[in-house]
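All remarks here apply to the structure that follows.
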2 protein chains.
Amino acid sequence: MSDTLRLVAAQLNFWVGDIEGNVEKIIAAAVRARDELRADLIAFPELALLGYPPDDLLLRSGLPPAVEAGLERIRRETNGIHVVVGHPEYDEEGIYNAAAIFRDGQLVRRYRKRLLPNYGVFDEKRHFLAGRSACVFDLKGVPVGLCICEDIWGTRPADESRDQGARLMININASPFAIGKSKQRADVLRARATETRLPILYVNMVGGQDDLLFDGDSHAVRADGSVSFRAPTFEEDLYLVEFGDGELRGPVHEPSPPEAVVYRGLVQSVRDYVNRNGFPGALIGLSGGIDSALVAAIAADALGADRVWGVSLPSRYTLDMSNDDARIEAEALGIRYSVLPIEPTVLSLGQTLAETFRGRAIDITEENMQSRARGVLLMALSNKFGHVVLTTGNKSEMAVGYATLYGDMCGGFAPIKDVYKTLVFQLARYRNSISPVIPERVLTRPPSAELRPDQKDSDSLPPYEVLDPILEAYVEDSRSISEIVAAGFEEAIVKRVAGLVRRSEYKRRQAPPGPKVTRCAFGRERRYPITAVYGDL
Amino acid sequence: MSDTLRLVAAQLNFWVGDIEGNVEKIIAAAVRARDELRADLIAFPELALLGYPPDDLLLRSGLPPAVEAGLERIRRETNGIHVVVGHPEYDEEGIYNAAAIFRDGQLVRRYRKRLLPNYGVFDEKRHFLAGRSACVFDLKGVPVGLCICEDIWGTRPADESRDQGARLMININASPFAIGKSKQRADVLRARATETRLPILYVNMVGGQDDLLFDGDSHAVRADGSVSFRAPTFEEDLYLVEFGDGELRGPVHEPSPPEAVVYRGLVQSVRDYVNRNGFPGALIGLSGGIDSALVAAIAADALGADRVWGVSLPSRYTLDMSNDDARIEAEALGIRYSVLPIEPTVLSLGQTLAETFRGRAIDITEENMQSRARGVLLMALSNKFGHVVLTTGNKSEMAVGYATLYGDMCGGFAPIKDVYKTLVFQLARYRNSISPVIPERVLTRPPSAELRPDQKDSDSLPPYEVLDPILEAYVEDSRSISEIVAAGFEEAIVKRVAGLVRRSEYKRRQAPPGPKVTRCAFGRERRYPITAVYGDL
């Protein structure tokens, strides 16, 4: 009967700026959906034609004709199936975040996104004008409503689609991953479905793009809000969802445990950053500590062991145990392993500075020099062999500035910069549960930067079990010091942590990008002045 | 007669986040305006209470009560004068970019900015909701219209103020400096004045704030659009402007030549960055080239010679002439001067890497190691003595990536990062016209990075007279390659330059902040993905 529709959610990975490549992918997917899945419609994610987020690429004068040419190819080269594709639309007034619906060489309809997010990682009002009308189109006699991403987080676009007769909604997205985001999306879809009494199909992209990570998480809800389709996260594929008897139905994959999802996301982000930027492989400074062990595992899982190069850079303060653990990790992962001692470089630096430093006490300077000697050596390998350096700093360190600028912060990509140290331990245990690659004692001995004898992170910082919740309140929730103290933390510690976070903004400003995984990531999302007086904010 | 008003434009420097300090300054200025200048009104810049741009500080939960307390103090502690002060206003719906008018302990009126810029360096829609009404208030029987910054760039706020009876407009601003901006502002004010037949008083802040620079440039136009008051740029002071017979009148300072304005702006930006962040002084790597010579002069003019430390870091490739010129510059400026040879460090690095590099040709790696050895030494001085390192890279270099990440890009602030090389020469000549501090041959010999024998910038780059206009078209105007070629540049060169700009985004992302002086600065203003395919955009 005509009331049965075969819809395909194209949970695919699109490259920012690569209109030609994206068009190829869109056409190939449409053909496969039509021929193999006998689909009536395929829905691609928001801005699939251009990738997301395109940022100021949208302002380049060469872009409008390139977009037009790409859409033309899709129009001409797909037929026998409705193709819903997100793209920027240029007119005299400005740019819209739009979606075109093509069928048999015709443009069936065009929709312009109405609710433009301009908070958190989003800057859509910088580039786009808001659309003003709902979009309901006919698919084999069934009126289908279409909206884009943020539209479904408000009520009007779906309400108006229902009022115009829609019997189901399709919502196309470029929605970045964060821990807890999947539940938020499901809550929003449930609310919209129960309000409108319409089933909703949610289609999202996958892939890593600089500071963002797209997890897919495409799913559908029935008119009562219950889930009737769920794609696996971070899995690039076409998913068939049927509409019949007023409801959507598709495969329902059980959600993975949170650690598994985050780990997989970090792997995706490294793979996409390294491959899209054309690096032959990745370099990692292996200290014998847990952060670098985790990053090496992520890199090996992302790129294959043969493209990963672990480098141990020992100093006089490096314990034998650390050197052993670095070597054991590299062997367990099967990655290339080198040892480059920093002692000669550190001695030369010290001799050069001896006269200028005469009479001054040893301080953080000498620690930073060790870290920077490592940075220079890693970058030399990077320059000579072409591999990108992955930094190994975690969010707890980046927050309080427990990292050396131009030292361990050297690198092109920072896979765990938005992962708190407490989560680093969980992810390491998760990875070891698949196959043991990180020695047990790396997970259990106290973390140390090994920049002076017997140094421990806990000499300078509160225990991570205390630090991380304070950071979450201060950084992610923008809570004031007094509010955090009222929540049960020691005032002296909260003040100290807040001061460190404030004073480290200049370091974070020069940090490499890395994927957002928390509710509020440094970098693209948390935008603070470097120069600022805070009083008691 | 009551139709004569004495208005004060408070062209002052406010600190981001420092509500208490800003309130002190506002109250002191109001008292001085009343007592010394017998003013009826004093107008402070946009968001004077909090500084500009506050960015996500606006989202901190401690901010609303701090703003409220600051406004309360101004209300209570000023009297006998109308005080117009910009501040964020919080209500249940969100935050407004507002201005309060206080008089004798009363809140006379509150205005909410209506046009919120969300382009270029501005993100006001990220934080603020738009106001919906004009504001006309009575000052000694004269109806005065008030609006904020962007409001005057559109027509409605001024038109509605006139329709509500305003006889003059006051426009308070936090408008960043750029070359040519002063003319743009004058054009806008002339257009608004002639449309509305109202004189307009434009009040702007001064000061450097991370990537932005506020030049003041407060001025007034008559109803016919002609200038009837102009404050000197970058000069912190109170300026009395009288309103009588339907027109505004004040001192008219002649504009300075463009080089003088830019130079003064760079001095301001260094002074504010260094002082506000509490550094005892600044360190500069003096190469004997023109960029570092200019930065040293700016720093000495900003901080005083006794707070500036020039460091020569020669290698085997450094010409004697370069060493001489570095020393001569330091002597001419009267700054501290040290020489730290990098040869021992470079040799140690080379020995450590010898085995790993065996069989590989000498390439850019060895050049970068020299630059990074310098970076590590400068940062060691910075760590030990507390001085901030100023980087010396110019916009032409930053655009094409002719700079070493973690090498000469090491530093906290980049004074000339938005100054094209051709303008560097002009600024150096301008500075020498005041007193000779840069040796003539530094201005005339071909620029070189001196990282290999007989190296010249022109080996790797087109001449700066060709490069800079191409960059302006590609970077500032977002022109496509074919458009730039059509404007008369050689296709091979344009393609090469465009490719270099694209591939250097990852370096710029890790660069220190520095003041915007062109129409489109890297960093806060030009926001591009690192990972992107460009096709022919």
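Following the order of the structure tokens, chains are lettered A, B, ..., residues in each are numbered from 1, and ligands are numbered from 1.
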Within 6 Å of chain B: residues of chain A, using only C-alpha atoms, as number ranges by chain: A: 16-18, 55-56, 60-63, 118-119, 126, 344-345, 348-349, 365, 380, 383-384, 406, 478-480, 510-511, 527-528, 532-534, 537
Residues as selected, N, CA and C atoms, written as a CSV table (one decimal), in the first residue's frame, can you do that?
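Listed below is the output, out_14.csv:
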```csv
chain,number,residue,atom,x,y,z
A,16,VAL,N,34.8,18.7,5.4
A,16,VAL,CA,34.6,20.1,5.3
A,16,VAL,C,35.3,20.6,4.0
A,17,GLY,N,34.6,21.3,3.2
A,17,GLY,CA,35.1,22.0,2.0
A,17,GLY,C,35.2,21.1,0.8
A,18,ASP,N,35.1,19.8,1.0
A,18,ASP,CA,35.4,18.9,-0.2
A,18,ASP,C,34.1,18.6,-0.9
A,55,ASP,N,32.6,27.0,9.1
A,55,ASP,CA,33.1,28.3,9.5
A,55,ASP,C,33.2,29.3,8.4
A,56,ASP,N,34.3,30.1,8.4
A,56,ASP,CA,34.3,31.2,7.4
A,56,ASP,C,34.6,30.8,6.0
A,60,ARG,N,33.8,32.7,1.5
A,60,ARG,CA,34.7,32.8,0.4
A,60,ARG,C,33.8,33.0,-0.9
A,61,SER,N,34.3,33.9,-1.7
A,61,SER,CA,33.6,34.3,-2.9
A,61,SER,C,33.5,33.1,-3.9
A,62,GLY,N,34.4,32.2,-3.8
A,62,GLY,CA,34.3,31.0,-4.7
A,62,GLY,C,33.3,30.0,-4.3
A,63,LEU,N,32.7,30.1,-3.2
A,63,LEU,CA,31.9,29.0,-2.7
A,63,LEU,C,30.5,28.9,-3.4
A,118,ASN,N,23.6,29.5,18.3
A,118,ASN,CA,24.7,30.5,18.4
A,118,ASN,C,25.3,30.5,19.8
A,119,TYR,N,25.5,29.3,20.3
A,119,TYR,CA,26.0,29.2,21.7
A,119,TYR,C,26.9,28.0,21.7
A,126,ARG,N,26.4,33.8,12.9
A,126,ARG,CA,27.6,34.5,12.2
A,126,ARG,C,27.4,34.4,10.7
A,344,PRO,N,71.7,15.3,26.9
A,344,PRO,CA,72.7,16.1,26.3
A,344,PRO,C,72.1,17.5,25.9
A,345,THR,N,70.9,17.5,25.4
A,345,THR,CA,70.3,18.8,25.1
A,345,THR,C,70.0,19.7,26.3
A,348,SER,N,73.3,21.2,27.4
A,348,SER,CA,73.7,22.3,26.6
A,348,SER,C,72.9,23.5,26.9
A,349,LEU,N,71.6,23.4,27.1
A,349,LEU,CA,70.8,24.5,27.4
A,349,LEU,C,71.3,25.2,28.7
A,365,THR,N,61.7,26.7,35.8
A,365,THR,CA,62.4,26.9,34.6
A,365,THR,C,63.1,25.6,34.1
A,380,ALA,N,61.3,17.5,15.6
A,380,ALA,CA,62.3,17.2,14.6
A,380,ALA,C,62.0,15.9,13.9
A,383,ASN,N,59.1,16.8,11.6
A,383,ASN,CA,59.5,17.5,10.4
A,383,ASN,C,60.2,16.5,9.4
A,384,LYS,N,61.1,15.6,10.0
A,384,LYS,CA,61.9,14.8,9.1
A,384,LYS,C,61.1,13.7,8.4
A,406,TYR,N,54.9,24.7,24.6
A,406,TYR,CA,56.1,24.4,23.7
A,406,TYR,C,56.9,23.2,24.2
A,478,SER,N,30.3,27.0,34.9
A,478,SER,CA,30.5,28.5,35.2
A,478,SER,C,30.1,28.9,36.6
A,479,ARG,N,30.2,27.9,37.6
A,479,ARG,CA,29.8,28.2,39.0
A,479,ARG,C,30.9,29.2,39.6
A,480,SER,N,30.4,30.0,40.5
A,480,SER,CA,31.3,30.9,41.2
A,480,SER,C,32.0,30.1,42.3
A,510,GLN,N,47.1,28.5,23.0
A,510,GLN,CA,48.1,28.0,22.1
A,510,GLN,C,48.2,26.5,22.0
A,511,ALA,N,47.1,25.9,22.5
A,511,ALA,CA,47.1,24.4,22.5
A,511,ALA,C,46.6,23.9,21.2
A,527,ARG,N,35.0,30.2,25.6
A,527,ARG,CA,35.7,31.3,25.1
A,527,ARG,C,35.9,32.4,26.1
A,528,TYR,N,37.1,32.5,26.6
A,528,TYR,CA,37.4,33.4,27.7
A,528,TYR,C,38.5,34.3,27.3
A,532,ALA,N,42.2,39.3,32.0
A,532,ALA,CA,40.9,39.6,32.7
A,532,ALA,C,41.1,39.5,34.2
A,533,VAL,N,40.4,40.4,34.9
A,533,VAL,CA,40.4,40.4,36.3
A,533,VAL,C,39.0,39.7,36.7
A,534,TYR,N,39.0,38.8,37.6
A,534,TYR,CA,37.8,38.0,37.9
A,534,TYR,C,37.1,38.4,39.1
A,537,LEU,N,34.1,36.0,40.6
A,537,LEU,CA,33.1,35.5,39.7
A,537,LEU,C,33.2,33.9,39.7
```
Using only C-alpha atoms, what table do you get, as a Markdown table, when you list each residue of region 188-304 of chain B with an atom no more than 12 Å from region 171-177 of chain B, its nearest pair of atoms, and their distance in Å rounded to one decimal, rows by chain then rising number?
```
| residue | atom | partner | partner_atom | distance |
| --- | --- | --- | --- | --- |
| B:Val188 | CA | B:Asn171 | CA | 11.8 |
| B:Leu189 | CA | B:Asn171 | CA | 9.7 |
| B:Arg192 | CA | B:Asn171 | CA | 11.3 |
| B:Ala193 | CA | B:Asn171 | CA | 11.9 |
| B:Pro199 | CA | B:Asn171 | CA | 10.8 |
| B:Ile200 | CA | B:Asn171 | CA | 7.1 |
| B:Leu201 | CA | B:Asn171 | CA | 6.0 |
| B:Tyr202 | CA | B:Asn171 | CA | 4.9 |
| B:Val203 | CA | B:Ile172 | CA | 4.9 |
| B:Asn204 | CA | B:Asn173 | CA | 4.6 |
| B:Met205 | CA | B:Ala174 | CA | 5.7 |
| B:Val206 | CA | B:Ala174 | CA | 8.5 |
| B:Gly207 | CA | B:Pro176 | CA | 9.4 |
| B:Gly208 | CA | B:Pro176 | CA | 9.3 |
| B:Gln209 | CA | B:Pro176 | CA | 9.7 |
| B:Asp210 | CA | B:Pro176 | CA | 11.5 |
| B:Asp211 | CA | B:Pro176 | CA | 9.7 |
| B:Leu212 | CA | B:Pro176 | CA | 6.1 |
| B:Leu213 | CA | B:Pro176 | CA | 5.4 |
| B:Phe214 | CA | B:Pro176 | CA | 4.7 |
| B:Asp215 | CA | B:Phe177 | CA | 5.5 |
| B:Gly216 | CA | B:Ser175 | CA | 8.1 |
| B:Asp217 | CA | B:Phe177 | CA | 9.0 |
| B:Ser218 | CA | B:Asn173 | CA | 9.0 |
| B:His219 | CA | B:Asn171 | CA | 10.1 |
| B:Ala220 | CA | B:Asn171 | CA | 9.8 |
| B:Val221 | CA | B:Asn171 | CA | 11.6 |
| B:Thr233 | CA | B:Phe177 | CA | 9.8 |
| B:Phe234 | CA | B:Phe177 | CA | 9.8 |
| B:Pro258 | CA | B:Phe177 | CA | 11.9 |
| B:Val261 | CA | B:Phe177 | CA | 9.8 |
| B:Val262 | CA | B:Phe177 | CA | 9.1 |
| B:Arg264 | CA | B:Phe177 | CA | 11.4 |
| B:Gly265 | CA | B:Phe177 | CA | 8.3 |
| B:Leu266 | CA | B:Phe177 | CA | 10.7 |
| B:Gln268 | CA | B:Phe177 | CA | 11.6 |
| B:Ser269 | CA | B:Phe177 | CA | 11.0 |
```
Which polymer residues have any atom within 12 Å of an atom of Glu93 (chain B), counting only C-alpha atoms, with same-chain residues fewer than 5 positions away left out, as an MDAnalysis selection string? chainID B and resid 127:131
Spatial neighbours of region 456-464 of chain A, 10 Å, only C-alpha atoms, chain gap at least 4 places, as a short mmCIF file (atom, residue, chain, number, x, y, z; two decimals) with all heavy atoms, in the first residue's frame:
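Produced file selection_25.cif, reproduced below:
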```cif
data_model
loop_
_atom_site.label_atom_id
_atom_site.label_comp_id
_atom_site.auth_asym_id
_atom_site.auth_seq_id
_atom_site.Cartn_x
_atom_site.Cartn_y
_atom_site.Cartn_z
N SER A 396 42.14 17.66 32.85
CA SER A 396 42.48 18.13 34.19
C SER A 396 43.76 18.96 34.14
O SER A 396 43.86 20.03 34.77
CB SER A 396 42.67 16.94 35.14
OG SER A 396 41.59 16.04 35.04
N GLU A 397 44.75 18.50 33.39
CA GLU A 397 46.01 19.23 33.26
C GLU A 397 45.83 20.52 32.48
O GLU A 397 46.37 21.57 32.86
CB GLU A 397 47.04 18.37 32.50
CG GLU A 397 47.53 17.15 33.25
CD GLU A 397 48.42 16.25 32.39
OE1 GLU A 397 48.58 16.53 31.18
OE2 GLU A 397 48.94 15.27 32.93
N VAL A 400 44.23 23.33 34.66
CA VAL A 400 45.02 24.02 35.67
C VAL A 400 46.40 24.43 35.17
O VAL A 400 47.21 24.96 35.93
CB VAL A 400 45.16 23.16 36.96
CG1 VAL A 400 43.77 22.95 37.59
CG2 VAL A 400 45.81 21.82 36.67
N TYR A 402 48.80 22.45 34.12
CA TYR A 402 49.85 21.50 34.50
C TYR A 402 50.40 20.87 33.23
O TYR A 402 50.22 19.68 32.95
CB TYR A 402 49.25 20.46 35.46
CG TYR A 402 50.28 19.71 36.29
CD1 TYR A 402 51.02 20.36 37.28
CD2 TYR A 402 50.50 18.35 36.10
CE1 TYR A 402 51.94 19.68 38.05
CE2 TYR A 402 51.42 17.66 36.87
CZ TYR A 402 52.14 18.33 37.84
OH TYR A 402 53.05 17.64 38.61
N TYR A 420 38.90 14.21 31.32
CA TYR A 420 39.42 14.37 32.68
C TYR A 420 40.30 13.18 33.04
O TYR A 420 40.09 12.06 32.55
CB TYR A 420 38.28 14.46 33.69
CG TYR A 420 37.51 15.75 33.63
CD1 TYR A 420 36.20 15.78 33.18
CD2 TYR A 420 38.10 16.96 34.03
CE1 TYR A 420 35.49 16.96 33.13
CE2 TYR A 420 37.39 18.14 33.97
CZ TYR A 420 36.08 18.15 33.53
OH TYR A 420 35.39 19.32 33.47
N LYS A 421 41.24 13.41 33.96
CA LYS A 421 42.16 12.35 34.36
C LYS A 421 41.38 11.13 34.92
O LYS A 421 41.76 9.99 34.65
CB LYS A 421 43.13 12.87 35.43
CG LYS A 421 44.21 11.88 35.82
CD LYS A 421 45.33 11.83 34.79
CE LYS A 421 46.53 11.05 35.29
NZ LYS A 421 47.71 11.23 34.42
N THR A 422 40.34 11.37 35.68
CA THR A 422 39.57 10.24 36.22
C THR A 422 38.98 9.40 35.09
O THR A 422 38.93 8.17 35.19
CB THR A 422 38.45 10.74 37.16
OG1 THR A 422 37.80 11.86 36.56
CG2 THR A 422 39.02 11.19 38.50
N PRO A 446 51.11 6.22 41.42
CA PRO A 446 50.70 7.63 41.43
C PRO A 446 51.25 8.38 40.22
O PRO A 446 52.44 8.24 39.91
CB PRO A 446 51.32 8.19 42.72
CG PRO A 446 51.74 7.00 43.53
CD PRO A 446 51.96 5.87 42.57
N PRO A 447 50.43 9.17 39.54
CA PRO A 447 50.90 9.93 38.38
C PRO A 447 52.03 10.90 38.73
O PRO A 447 52.01 11.53 39.79
CB PRO A 447 49.66 10.72 37.95
CG PRO A 447 48.49 9.96 38.48
CD PRO A 447 48.98 9.33 39.75
N SER A 448 53.01 11.01 37.84
CA SER A 448 54.14 11.92 38.03
C SER A 448 54.61 12.47 36.69
O SER A 448 54.60 11.77 35.69
CB SER A 448 55.32 11.18 38.68
OG SER A 448 56.51 11.96 38.57
N ALA A 449 55.02 13.74 36.71
CA ALA A 449 55.60 14.33 35.50
C ALA A 449 57.08 13.98 35.37
O ALA A 449 57.67 14.18 34.32
CB ALA A 449 55.42 15.85 35.52
N GLU A 450 57.69 13.47 36.44
CA GLU A 450 59.12 13.08 36.46
C GLU A 450 60.03 14.18 35.93
O GLU A 450 60.89 13.94 35.09
CB GLU A 450 59.33 11.76 35.70
CG GLU A 450 58.67 10.58 36.38
CD GLU A 450 59.09 9.21 35.84
OE1 GLU A 450 59.47 9.13 34.66
OE2 GLU A 450 59.04 8.23 36.61
N LEU A 451 59.84 15.39 36.42
CA LEU A 451 60.70 16.50 36.03
C LEU A 451 61.66 16.89 37.16
O LEU A 451 62.50 17.75 37.00
CB LEU A 451 59.86 17.70 35.59
CG LEU A 451 59.04 17.51 34.30
CD1 LEU A 451 58.04 18.62 34.11
CD2 LEU A 451 59.96 17.40 33.08
N ARG A 452 61.48 16.27 38.32
CA ARG A 452 62.46 16.40 39.41
C ARG A 452 62.36 15.13 40.25
O ARG A 452 61.40 14.36 40.07
CB ARG A 452 62.21 17.67 40.24
CG ARG A 452 60.82 17.78 40.83
CD ARG A 452 60.68 18.98 41.78
NE ARG A 452 59.39 18.90 42.45
CZ ARG A 452 58.30 19.54 42.05
NH1 ARG A 452 58.33 20.34 41.02
NH2 ARG A 452 57.17 19.38 42.71
N ASP A 468 38.70 16.97 39.70
CA ASP A 468 37.82 16.87 38.53
C ASP A 468 36.41 17.40 38.78
O ASP A 468 35.87 18.14 37.95
CB ASP A 468 37.83 15.44 37.98
CG ASP A 468 39.15 15.10 37.27
OD1 ASP A 468 39.99 16.01 37.12
OD2 ASP A 468 39.33 13.94 36.87
N PRO A 469 35.77 17.05 39.91
CA PRO A 469 34.44 17.64 40.15
C PRO A 469 34.47 19.15 40.34
O PRO A 469 33.54 19.85 39.93
CB PRO A 469 33.96 16.95 41.43
CG PRO A 469 34.87 15.80 41.67
CD PRO A 469 36.12 16.01 40.89
N ILE A 470 35.55 19.67 40.93
CA ILE A 470 35.66 21.14 41.05
C ILE A 470 35.76 21.76 39.66
O ILE A 470 35.10 22.75 39.36
CB ILE A 470 36.89 21.53 41.91
CG1 ILE A 470 36.69 21.09 43.36
CG2 ILE A 470 37.13 23.04 41.84
CD1 ILE A 470 37.91 21.33 44.25
N LEU A 471 36.58 21.15 38.81
CA LEU A 471 36.72 21.67 37.44
C LEU A 471 35.40 21.62 36.70
O LEU A 471 35.04 22.54 35.97
CB LEU A 471 37.78 20.87 36.67
CG LEU A 471 39.22 21.05 37.14
CD1 LEU A 471 40.14 20.09 36.40
CD2 LEU A 471 39.68 22.50 36.93
N ILE A 493 41.02 25.02 48.51
CA ILE A 493 41.29 24.23 47.30
C ILE A 493 40.54 24.82 46.10
O ILE A 493 41.10 24.97 45.01
CB ILE A 493 40.88 22.75 47.51
CG1 ILE A 493 41.80 22.12 48.58
CG2 ILE A 493 40.95 21.97 46.21
CD1 ILE A 493 41.47 20.69 48.91
N VAL A 494 39.28 25.17 46.31
CA VAL A 494 38.49 25.73 45.21
C VAL A 494 39.12 27.02 44.69
O VAL A 494 39.27 27.21 43.48
CB VAL A 494 37.02 25.99 45.65
CG1 VAL A 494 36.24 26.66 44.52
CG2 VAL A 494 36.36 24.70 46.07
N ARG A 496 42.22 27.91 44.91
CA ARG A 496 43.47 27.62 44.25
C ARG A 496 43.23 27.10 42.83
O ARG A 496 43.85 27.53 41.86
CB ARG A 496 44.26 26.60 45.07
CG ARG A 496 45.68 26.64 44.67
CD ARG A 496 46.64 26.07 45.65
NE ARG A 496 47.61 25.40 44.80
CZ ARG A 496 47.58 24.11 44.52
NH1 ARG A 496 46.69 23.31 45.10
NH2 ARG A 496 48.44 23.60 43.68
N VAL A 497 42.29 26.18 42.73
CA VAL A 497 41.97 25.60 41.42
C VAL A 497 41.45 26.68 40.47
O VAL A 497 41.88 26.80 39.32
CB VAL A 497 40.96 24.45 41.56
CG1 VAL A 497 40.44 24.01 40.19
CG2 VAL A 497 41.59 23.27 42.30
#
```
Expressed in Å to a single decimal, how great is the separation between CA of Gly180 (chain B) and CA of Lys516 (chain B)?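 CA of Lys516 (chain B) lies 12.4 Å from CA of Gly180 (chain B).
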As a list in words, which residues of region 145-245 of chain A does DSSP assign to alpha helix (DSSP H)?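 Result set for region 145-245 of chain A (alpha helix (DSSP H)): Arg156, Pro157, Ala158, Asp159, Glu160, Ser161, Arg162, Asp163, Lys181, Ser182, Lys183, Gln184, Arg185, Ala186, Asp187, Val188, Leu189, Arg190, Ala191, Arg192, Ala193, Thr194, Glu195 and Thr196 of chain A.
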